[in-house]
Every structure is written in C-alpha cells, then in structure tokens.
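**Q** This structure is in structure tokens; I'll ask about it shortly.
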Amino acid sequence: MKLKLPLFILFLGLAFALQGQAQMVTGSVTDQATGESLPGVAVRVKGTTRGAVTDLDGVYNVQAAGRDTLQFSFVGYIMEEVPVANRTSINIQLSPDVETLSEVVVVGYGTTTKKELTGAVSVVDAEAIQGLNPVRIEQALQGQVAGVNISSASGSPGGALNIRIRGLSTNGNNNPLVLVDGIPYSTDGLNALNPADIESVNVLKDATAGIYGVQAANGVIIITTKKGRKNSKPSFGFDGYYGVQSTTKRLDLLNAREFAILKNEAFGAANQTLPFTNTELGVGTNWQDEVFQTAPIQNYNFNVNGGSEKSTYSIGASYLDQEGIIGGDKSGFRRYNARINYITELAPRVNLENILLYTNENRKTLAENGIGSVLYNTINASPLDEVYTGNRYTYLQNFSDIINPLAQIANTFNDNRTNKIVGKQELSYEINDNFTVTGRAGYNYAIVDYKGFSPLVFYGPGKAQNTASNEALDPFENDLNGVLTPVPNNVTESRTVYFNYNLEAFLNYERTFDDVHKVKATLGTSIFADRGSHLSGTAYDIPYNSWEYADISMANGTNLRNSTTSWQDRSRLQSYFVRAEYGYQEKYQLSAILRRDASTRFGANNRFGYFPTASAAWVISDESFFNINAIEFLKLRASYGVSGNDKIVNNWPYRGLLNGEAVYAFNDNLVNGRAIGTLGNDDLRWEQTSQANIGLDFNFLKGRLDISTDYYIKNTKDLLLQPEVSGVLGSYGPGGAPPYVNAGSIRNNGFEFLISYRDQLSDDFGFNISYNLTTINNEVTGLAEGVDFLQFASFGVGGGNATRMEVGYPIGYFFGYETEGVYQNAEEIAARGVTQAGAVPGDFRYVDQDGDGVISFGNNNDRTFLGSAIPDVTMGLNLGVNFWGVDFSANIFGSFGNEILRNYERQQPLANVQTYRIGRWTGEGSTNEQPRLTTAANNNAVISDFFVEDGSFIRAKNVQLGYTLPGTLIDRIGLKRFRIYVSANNLFTFTGYRGYDPDFSSGNPTAAGIDYGAYPQARIIMGGFNINF
Amino acid sequence: MKMNKFYKTLSILFAGMILSVGCEDFTDIDPEFAQDADSYFNAPADYEQALVGAYDLLQTSYLSLWIGEIASDNAIAGGESVTDSEGLHQIDAMTHGGVNNELRSIFRWNYAGVTRANYIFENKDNIDFEGKDEILAQAAFLRAYYYFELVKFFGAVPLVIDRRLSPDELASVPRSPATEVYAQIEEDLTYAAGILDWTAEQKGRITKGAALALLGKAHLYQNEFAEAATVLDRVINEGPYALFQGDYNGIFRVVNEGNPEVVFDVQYTGIEGGSYDCFVCLEGFAAVGFHSIRGYNGPIYSDGNSYNLPTQELVDAFEAGDPRLEGAILDIEAFIAANPDVEITYAEGGGGHTGYYNNKYSKRLDELGPPDTDLTSPVNHIVIRYADVLLMAAEAHARKANPNEEQARQYLNQVRERVDLEPVNASGEALLNAIYQERRVELAGEGHRFFDLVRTGRAAQEIDGFQTGRHELFPIPQAEIDLARAGWQQNPGYNN
C-alpha cells in the first residue's frame, strides 16, 4: 500500500514528461547474399523517436536531418548504422547474421541479446522444434537443452510430462513457471499447445528467473508463439504427417510350458499339490500381443502469416489425432487448435498486441501405472488362459485380483473434454527512444468436462472389479435405507471451470550515454487471480448398460443412489518488480532484480516476500589483453539470487479448515458431520531457493563453434513439507492431514555443457551438430529438527514404505534390504552367525546392516540405501545435415545413473513372471543371483536391491530424413517450398532395464522411479510434408 | 493526430490503472464456503456435527478385530501372498517390531478419534442448549473407547484430555502410565453412563449399557474383579439385553441388526462405495470382504481376500455338537461336499490356507455393498454383545476376592444353554478354565482372543513364539516415538 501511490505518480510523470524533425530520406534494403529485397526492416533515426519499416519491396521513407544516423535492424541480420550525410536516398544491403550473439533472448518483461545476457538461459527455436515433430512442446526440450530434464509420466496419448529444471528442489511441486506470451500457463495444460505454433522456448534456469519472484524457484519457461512480419505478403504454410505407432518394448514373459514348470516347482517346494499335471502346454497366450496394437497418429497444421505497414498477423489452425498403442481409441487423444496473433499500430509508437489461443481437446484414458492397470494385468495374467471362450472374455480364474486386460479395455468408458481459451491484450507505448510503457491483460479460461461410465461388468467369479454379480449381469443388491436394492450401472459427469487473469504494467527504460554506457531499467507490477470451480454428479441406471446412452439425462432421475458434489477454490498473487541493468561497451554487464510478492497461500504473518537477484557478465574477448585468436568470443557470466516457490496443492495451507470427512451411520443412513481437515500453520511461508551460477560462453571459428558451460549450486530451504506428525495430534482421521510446515533443505548442484558446431560448406551442403550434458547431484541437506527421515510410497501389495527423504541422500531414494547372494546350503546359514528368520537354502542372504547378528524384518535397522530415481548425468546429441535438398536430422537422448524400482510383479502364486526367473536358484551352486521359487512363507519378496534396477538408457528420440523439391520445379505449381519427409520417434532404445520404458517418472519426487507397468512411450514411424505458398 | 494522443494517453492510463488495482487489499481474501476450525461451535448443530466426526473413527474397527485374532492361536494372517500386508504376517509370527503399518494405523486412528472427541470438550462451554449433555456423554464414551483400544495395544500412552495439542507441545507430553489412562477411561464412562439412557432414539447411538459394559471390561482388564462384577451385574440386571434366540450365526446378520444381544456395535452401511486408497474413509466393514473366500464362486457367500483364517486349533477347541462351530467357522471343503448340486470353486491364497474362514464376518451375497464390495460391507461390527457381558461377569465373579461361583456358573450356563450345551458344574480353577474355554468358542473370530490370553496370563502357553515380558504389549510404532521427540521409551523387548 505504501509503495503504490508514489510508484504510480512516478510512472505517469515519467511517461508524460518524455514526449519529443527534417527532410525525407528514402531507399531500399536488400539481402547482401541473395539480393532479394527485405520487407519489414526497422529503420530508425538514431537518438530520436522517429522510425519506419520497409514495405513489401523493401523500400522505406523516413524523416531525418542531414547529420542524423540511420539504424537498420532486422531479425537474423547484422544491424547497420549509416550516417545520412545530407543524402536523400540511401540503399543498403544487410548481411545475414551467422553469429548467434545477436540472437534475441527473452528474459522476462524484456529482452536482451545473447551477447549481453547475464543469466543462464537456454533457447529452443522453431527450427529445432520442427525437427523433432513433438506432439507436446515439452518433448522438444528433452535432450535439447542442458539442465532441463523431461520425463514421461505416461506414454499414453495426451499423457503428462514432467519438466524438471536443474534437479529436484522440493518434495512438493517441482513444476517450473510456464508463460505463454507472458501469460501464466498451467504445466498440466501444456497438452493444449500446438508445437507448430511456437516461435521459441526460452528456459530461465538460474537466479535471473527471480524477476518472477515467488513462482521462480523451479525455473521459468517462456514460450513465444509465432508472429507475422510487417509489410509482408500473406505466406501460407501447410504441414502434416501421418504415422504408425507401436510399443517400444515387450517384456520377456514365460510361455505356457515354462510357466507350468516353474509354478509346479514353486508349489512343490511348499509341499502343495502341483497345479499342472502336464507341463507340455506349448506357448499359450501371449497377453502382450493381444493388448498391444499399432495405432495411427496424424497431425495437420495450417497457418498464414503476413503484415501491412501498420500491423502484422499470424493465424493458425491445427488438428492432431493420436490413438493409443493400448486400447486404440480407448486411450486416444484428439486436439484442435486455433490461434490468432495480431499486432497493430494504433498510433505511431503505440502498439496493440492481441493473442488468442483456442484449444479443443478430447482424451480417453485406461487405468495405468498402478495395481489394477491394464498393463499390470497383462504382465501378471497366466499364459494358460485363453483370451476368449465362446463369445465372452475369459475369467482368469486362477487369480482373484487380476482380470482379463482385454475385458478391462472393452469395459472402460470415459471421455475428457477441454475447451480452453488463452488470450492477451497488450498495449505498449514507446514514449520516446528511452521509455516504453506496457500494460497488458492476460487470461486463461478452461472448461474441463469429464464423463465416465461404469457399466455392469462381470470379470469372472471372485473378481473385486466386478460391478455385476454374475455372468447374466444381474446387479449386486445392497441395503439402502433398510431395503435390499439393486446397484445398477452409473455415469458420472463433471465440469470444472478454471479462470485466471493477470494484469501487468511495466515501464522499460533504455539509454546509451556517451556511446558506451548502456542503462536499462524495468519497473512494473503484476496481479494474478485464479479461480476454479467444480460440479459433479453421478446417476444410476443407464438403459441397455450402454455407453451410447451414458448420460445423466438418460439415467433414472429418482434413483436414491444419485449424488452430486462440488468444490470451489481461489488464489491470488500481487507483485512489484524492478530490474536495473548497466552495460559498458557491451563488455561489462551488471543487472539487479528485486521483486516483492504477496501470495494468498500464506497467512498474515508471512504473506509478503522480497526476492533479490544480482548478475553480471564480462566479455573477456573484448579486452585488449585478450589475444587468443582461435577464440573469437569469450564471456564469463555469474548470477546469484533468491526466488520462491508457493505451489502447494492446498490453497489455504495456513488455515485449519473444517473440511475433514465426518460420516457415520445412524438409523442405517449416512449422516454427515464436520471434522478438521488439514491442520493449519499461521507461520507458513514460501520455499526459498538461493542459486549461484557461473558460466562461460565461447565462440570459435567465426561463430560456427559454440560452447557454453554452467555450474550451479541451488540451495532450497524452508521446504513446504507436509511431513508425518505424531498420531497423537489426531490428524490421521478421514480427510485429515498434518499441517504444512517449512522444514528441511535440499541442495542441487550440477554442471551443464553445450557444444554446437554448424557449417554451411556450400550452397548445397551444410550440417550442424550439438551435444549437451547435464549432471545433477541432489542431496537433502536438512529436515525439521529432530526428524531423521521422512518416508513415502509403498512396495508390493500392502507393503511398507519404499522411499525416504533423509539428510545426506538424494530425495526419494529407495530404502530396503541389501542382498549378498543366495544361501546355498544349510551349513552356510548355520555358519553365518547371523539369524535370518525363516531362511532356508535358496533364500536371499541379506546384509546385516546394523551388525547385531539378526536380520530384522520388523524394523528398519537392516534397511539401507538402494538407489535413486534421479539420474546422475543426462545428455543429448543432435545432428542435422542438408545436401542438395536432402535433410537429415537425429536426436539422441541419454540418461545415466537413475534407478527404477520394479513394482509391477504381483507376488501371487499363479501370476506370470518374466523369463529371467528361469535362472532361479534350483540347488547348491545353481545361482547366487536369484532366490528359489516357492509358495511357502519366505522373505524373498521384501523390498531389496533385487527389485531395484539400473534405469540408464540411450534413446533415439527422433530420426528424420527429408527432401525439399528444387525451386525450379515447384515454382511452376505456385509453391514456395515443398518438403516431404519420413521420421521415426523412439526408433531404438539401449537399456538394461527389464520393464517397459526406462524413460518414465511419476511426477511425485518421492515416488519418482516406482514402475507399476507404466504405459510405454510409442515408437512412431511417420511420413509428412511441409508446404509453403 | 488527436486520435494518436488519445491512444498514447489510453495506454498510459491502462498501465496506470493496472498499477492502481493493487491499491485494494487484493490478497486479503478468505476461502469461500468453508469454515475455520477455530470459529466453530456456535450452534447446537455444530456440536452434533462434530460428534458425528468423533463417531466416524469407530469405523476403523476391522484392524483391531484382525490383530486380536491373528496375534492369537485362533487365526493366521492369510492374504494373497506372504508379503501381503507384511505387518499382519509379522504379528502372526510374533516377529513384529516398531515398523508395522497396521500397528501404526491403530495408533493414528484411535488418536484421531480421541482428538475429535477432545475438540468437542475443548469447546463445550461456548453455548448452552438442551441436549448438550447427551452429546458430551456420547463424546466421553467415544474418547474412552479409543483410549481403551490404545491402552490395550500399547499400554502406557500419552493422555491428552479436553484440548487439541499443537505440534510444539508434544515434546513435553510423556506416556502416561496405563493406570492413569484407565482412570480417565473409567471417569469418562461413568460420566456417560450417568447421562445416557438404556435405549437410544437412533439406532447406532451410544447407550448407558454400552458405557457400563465397556466400564466393566476396563475393570476386568485391570484385574479389578469386584468393580467389574458390580458394573456388569448392572448391565445384566437393569439393561434391556437378552441372548439372541435362533441360529447362532444370525446374531451377526444384517437382518438381525440391533437384536437384543447387541450392547455396542459399530454401524456400517453399504450405501457408499470405497477404495483401497483410504481405509479410514470407509463406511463399510472392511473385515468382512477381506475375510471372505478368495476367488469364490458359488451360493450364499461372495469372494474375498482370504484374510484372518481360523486355525485347526480353534476348530478343535469346540466341543462335539457345539452348533457354534458352524456358526463361527466356515469349513469350505465341508461346505462344498454338502452342496453337491452346485458348482463351487475357490482359490487358495498365497498368504496361507487352512480350509477355514471366519463365518461371522464373511461376505454374503445378500449382504453386499456397492463395488468394490470387499470394502463396503453393511454388516455391523458387534464390539460388545450380551454373551460377552455374561462371560465377563462370570469371570469377574469367579476371580474377585470373595468369589461368587454360583453367580459365575449361572452366567456361564446361560451362554451354554442358548446353544443347548450341558451346564457346567465346576468350581475353582476348573470353573475359571471353563469360563475361559467358553469365551474362546463363544467369541471366536471376534477379535478378543489375543487380549484375553494376555490379560489372563495364558498367552505364552498358547501362542507359538510369544515371549513373556515382551509380547504382552505391541511396540509403540518407532516413527511415533521419533516424531513425538518426548523421550518415550519403547515397550520392553522391542528395542531391536
């Protein structure tokens, strides 16, 4: 409040105070290389507010005095300054900028050039995105930029990806802040963006992201959509591809014969009746062959760009349709996008920018990555069971918990539809050469509709998943208000509406004094308000037990089981920010940022936070003493700053609300009461990340070879944790939860390295190659006083915790028993001097970690670190070659040192297992790697290093071969460009991991590498075209 | 030109306007449609609603029942594999320690119940209204019940009364000796019994009989036999209870809910669905589905998870001709043999198989909730029934300083007579053993056995692996000791 009024007056004062003549100068601008005229080139009179833009023929007219100097600037060309020298006609040629130093880098509320940049920012441009053919924009980041780790939470169409910038800094929400054209965008909703609409992605990795304050701690991703160019004719583009997807892997599971032999052995070992009298059962059913299918994917984009003297436009529309490799349409994703970017000059130097992005999305899903998911059932189903019997699916009668995965797919019905509009109106006024004021309003409006149908299904006798009591699909009956009443099928429909808006105003100042002192400043304010509301209803008794009729309007409106629920929530953020930059001769750069945020997620005690950052850069190669000729450019960057993270699931974590569950039955009816939900904490504050970064940028060989390296240390403290609390506090009732507290700290440090080389050896032959490497070292450095560790996740069915957060270890490391071989004989067990309850020959020999002579299964004394899901090193290799119209590109991604916990094997006597189990212990000396097979009581299935595997992999993310038809040929049919290509995503993967896909991670940092049979990413072989006209 | 000026002014004003939005207290907002925990209890309905919250935790009773059986010689853990609910298998084998999911849940859930009751007492003086005493009396019973569970499992536990504890206070809260916890239980139950009536207007509400019966049980657990006898006599003489006449198994069936034998039962309904993600949220009795026959297909019963399977030893404990054997225990192969005309199939669980299932609380086709039916059983859990009261009273009379064996035999024989068994005529040690034997068979499968063996000092002789001086109490979950940071000592024998 105190800050505000003076700021406003200052703002208006500055704006009005700085308002500011000569003969007409004309000329044309052409490309030095090709001689073609260049429309859209900005021409301005240096030191004044006057300027012009070249027209379609590259011609400009500008008022200038005889002693003025004209500046010609155009993206992708080297800026030229030409003294007028009393001429009235000046023609000029601009040369293409082969160096990347003048590339524009978006840094938040402003831009800078790569040369002047002080922070650690990675850029992925439209060209790179196109080369990857991603379905989602995040995929274009994997392996492209150092320091950004992208992992798939699900390979299913429309499945989310996790973006992790520089490690994991919290056990809460690690998502970066994503801004699309300056509008805050939900990371979950990134699905909605069409990668083909994107001009560039800038990733702010270090503390200079601090201009975004309390939201910046996990890094900031700034996405810019495509714009038109002034004075350019409409340019049309039409791209498309069609592809076929298949699974990247199938597990090696036992066939019927192997299955029968191994199961007999297991039952026999426990003195039980052998289940199979005859083991010569052939191959049996390969459930994976039944479940996996090839599925189509297709995508078409249409766009038109152009501009007049006063305005530019870029309009696009696209269509994507992807079916799933499991279930086809049942796990399909379809997306329509429409987009307008229209910028117009309302008055000289007053620009109005309008952006509107519309998405319509439709996704269907199958149960995945969990006990009971389709793949989990597929892996564990017996090869002895057929898929069908008569005209129905088989019942897999040997299991009570595993159902026929094909029946499961056939009986899964859901539909998720999203309609989303993201827009921005931005008014900017270039008051004079030095001041620009910008005001903008951005908004996000999304309607998410869900419909799910639960039909009456009978999966077989004794299946917990049954919703009907028998094969005839008679419903179950249960007691309702004292009357035995059938439980019919039901449909659930829900609508969730999200609306958020942000209003921002900022003033940019830029002036160069005495040609050497460049001063830039930004001063601004931002408010953000978010609101969500949800209404859901479930209604019973859909006619014909059919999805076709599954709608609440078709249900029995008076069924007593019908129910409704709703929720609503909101949060707000209010911010001020200032940035000051000083540059001397582009040799020395200094920058300082201060942001003040107020977040409604915190109570009055800690609502406001200040986030400072300082950064500097030194272009060493511009120094006179620098005389290493091979290095044309050398810059040292350093930054340090503090940013915050306020992302918590709960919008009111500081308050204790009565939102716990309190339901009991009186007179056989449910009665609703009230109970405390999550306990409140008045003193709660944001997580605070302080990050130091030091980087070096090199250019060699006339800008053809770039090297960029960074080393960072990121310390996050006051983690927003919801740690376990003593049960005595009573927070473990239904709907209850411990309070959020600020406790604990995590350090991430790492090294990032990027090298790229590009060369155009002749008009017909050029290539580029780049390699990047990222190391991550993650360590928990503190927890709340007196707390030694926090535990999370679980292993097996009803098993104990699988992961821990503990000082000195990476967050969410796997915690369990270490094996040291298999007991070979009774003497070994007896001679060991360590008691391991129930151990017989063939059982794992566990390490006695605490040395007390007993392997304890009832406590943690003998459990230890078994690995971490966080990779030590990730790297990307990108290669591009073009020759005589042919282009080839390849992108390879590698991840090393990450472990995965194999948790998709159901420990049931008759569940199928992988063929590696053929190598089981069968007697003394047979193996020291695997335990015996038995259905008798044993401790071989407790969480141990046996279930933890190396998840390292190298994967060809994309390989593409294209051909651009020669201009002479296509001119005749009126095209500017025509390219066709074939491309493969996930063509090959090298990994030792036994599961489907090592390139997966749940979004939860404390359960990241636990594999329940995650939906693997598809291999996509596609053919496509790019047409411009 | 004028227009240009307009746009320039407009853009500046636009930016300025955005700036000034901040002048309001933009971030000073409250959650909508929500209530704060610290500004509640303003109307009688608030008390009633908070009481429903305190009742809710009763619906976690399945775990107490399981452990009471599995830890004893009555049952094995069962399940789909020997690592399915690892904690239960460890309790079965008497290898359990401080890390055990199930024991942790017992600790957490009962304290959640205590806390919800305390929340009411903390605010009991906010307003006055008719009917408040009845609400407080029910809350007092619930607090006593939850503390009784805690003291029964863990012995000395921290005693928090009439207030909610802040996380900072916890470090100075010691484990109160069991005697103090019992004293509080007695005080709460005496208070509740003084206010509540023998019958309640709504089915499922706590009654005077429930309070007195639990008070008697609390005395019995402290070997205060005279006090136990006095209180239990009141339940028998003044209360409206009678032994259920008819098929013994019928006591537990949904159609007979609220029959005269029920003194205190936890209400369950099959109205709401449930998921494995939240056991504490269930409105159905989880024990029922879990007890039932794995992969079962056939008449009467419905499939379940083969947990808590009765042992041969328990079967053999029934005397010949006792109809309660069939009522309490389902012999699956015998059942199949008796129904030759129907195809009956089932699967053996990988967690162990005895051929027997808990017949009192097993999933039946006519007692199902909505899917997942393993979790939504509408069968009520009868925690205290009249037969239990009679047998507790018999034991109290037989063991008190001046035994009244006549009275003890009379109570015992009432229970035997109901199932047409010969009266017992013994006295002294033999009478006591007859009462113990009767408790075992009458209450088989209901979660009493382990605690009865412990409190009567017979656990070591009956339970394989039971170590005297250690297994009488379960270990305080190690995480709870660590989190409390109050220097609690672990129960004897569990330090490694």
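Here's how to read the names in the structure tokens: chain A, B, ... by the order shown, residue numbers from 1 in each chain, ligand numbers from 1 in the order shown.
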Can you check which residues of stretch 147-388 of chain B DSSP gives as strand (DSSP E) on the backbone and send them as an MDAnalysis selection string?
**A** chainID B and resid 262:266 307:310 329:331 356:358 381:385
**Q** Could you give me, as an MDAnalysis selection string, each residue of stretch 262-491 of chain B that DSSP assigns to alpha helix (DSSP H) when run on this structure's backbone?
**A** chainID B and resid 286:291 312:317 324:328 332:338 386:399 405:418 428:442 449:455 459:462 478:484
**Q** Could you pull the residues within 12 Å of stretch 511-517 of chain A, counting only C-alpha atoms, minus those fewer than 3 positions along the same chain, as a count of residues only?
**A** 22
**Q** Find the distance between atom CA of A:Tyr376 and atom CA of A:Ser246 and write it in Å to one decimal.
**A**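 Atom-to-atom, atom CA of A:Tyr376 to atom CA of A:Ser246, that is 18.4 Å.
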**Q** Find the residues of stretch 245-311 of chain B that sit at most 12 Å from stretch 106-129 of chain B; for each, write down the nearest two atoms and how far apart they are in Å, to one decimal. Count only C-alpha atoms. Sort by chain, then by number going up, and give it as a tab-separated table.
**A**
```
residue	atom	partner	partner_atom	distance
B:Phe279	CA	B:Trp109	CA	10.4
B:Val280	CA	B:Trp109	CA	7.6
B:Cys281	CA	B:Trp109	CA	10.9
```
**Q** Store the residues picked out above, limited to C-alpha atoms, as a compact mmCIF listing (two decimals), in the first residue's frame.
**A**
```
# COMPACT_ATOMS: atom_id res chain seq x y z
CA PHE B 279 -9.30 -47.34 4.57
CA VAL B 280 -10.04 -44.74 7.20
CA CYS B 281 -12.69 -43.23 4.92
```
**Q** Please determine, counting only C-alpha atoms, which residue among B:Glu257, B:Asp341, B:Glu438, B:Asp366 has the shortest atom-to-atom distance to B:Ile382.
**A**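 Closest residue, counting only C-alpha atoms: B:Glu257.
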**Q** Between atom CA of A:Ala160 and atom CA of A:Ser318, what is the spacing in Å?
**A**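 A separation of 20.2 Å between them.
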**Q** Skip B:Asn74 itself and residues of its chain fewer than 6 positions away, then list as a ChimeraX atom specification all residues within 7 Å of it, counting only C-alpha atoms.
**A** /B:310-311,313-314
**Q** Choose the residue, out of A:Ile943, A:Gln32, A:Ala839, A:Glu623, that has the smallest atom-to-atom separation from B:Glu86; count only C-alpha atoms.
**A**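 Among A:Ile943, A:Gln32, A:Ala839, A:Glu623, it is A:Ile943 that comes nearest to B:Glu86.
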**Q** Do you know which residues are at most 10 Å from A:Leu701 counting only C-alpha atoms, after dropping those on the same chain fewer than 3 positions away, and could you put them as a PyMOL selection string?
**A** chain A and resi 629-633+704-706+757-759
**Q** Which residues are close to A:Phe792, i.e. within 9 Å by only C-alpha atoms, leaving aside same-chain residues fewer than 6 positions away? Reply as a list in words.
**A**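 Once the adjacent positions are removed, what remains is Asn801, Ala802, Thr803, Arg804, Met805, Gly812, Thr1006 and Ala1007 of chain A.
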**Q** Skipping near chain neighbours, those fewer than 6 positions away, what residues fall within 6 Å of A:Ala216 using only C-alpha atoms, listed as a VMD selection string?
**A** chain A and resid 209 to 210 643 to 644
**Q** Go through B:Gln245, B:Asn259, B:Gln90, B:Asn359 one by one, measure the shortest atom-to-atom distance of each to chain A using only C-alpha atoms, and give the residue with the smallest value.
**A**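 Selected residue with least distance to chain A: B:Gln90.
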**Q** One decimal, Å: what's the distance from atom CA of A:Thr365 over to atom CA of A:Gly1009, could you say?
**A** 21.7 Å
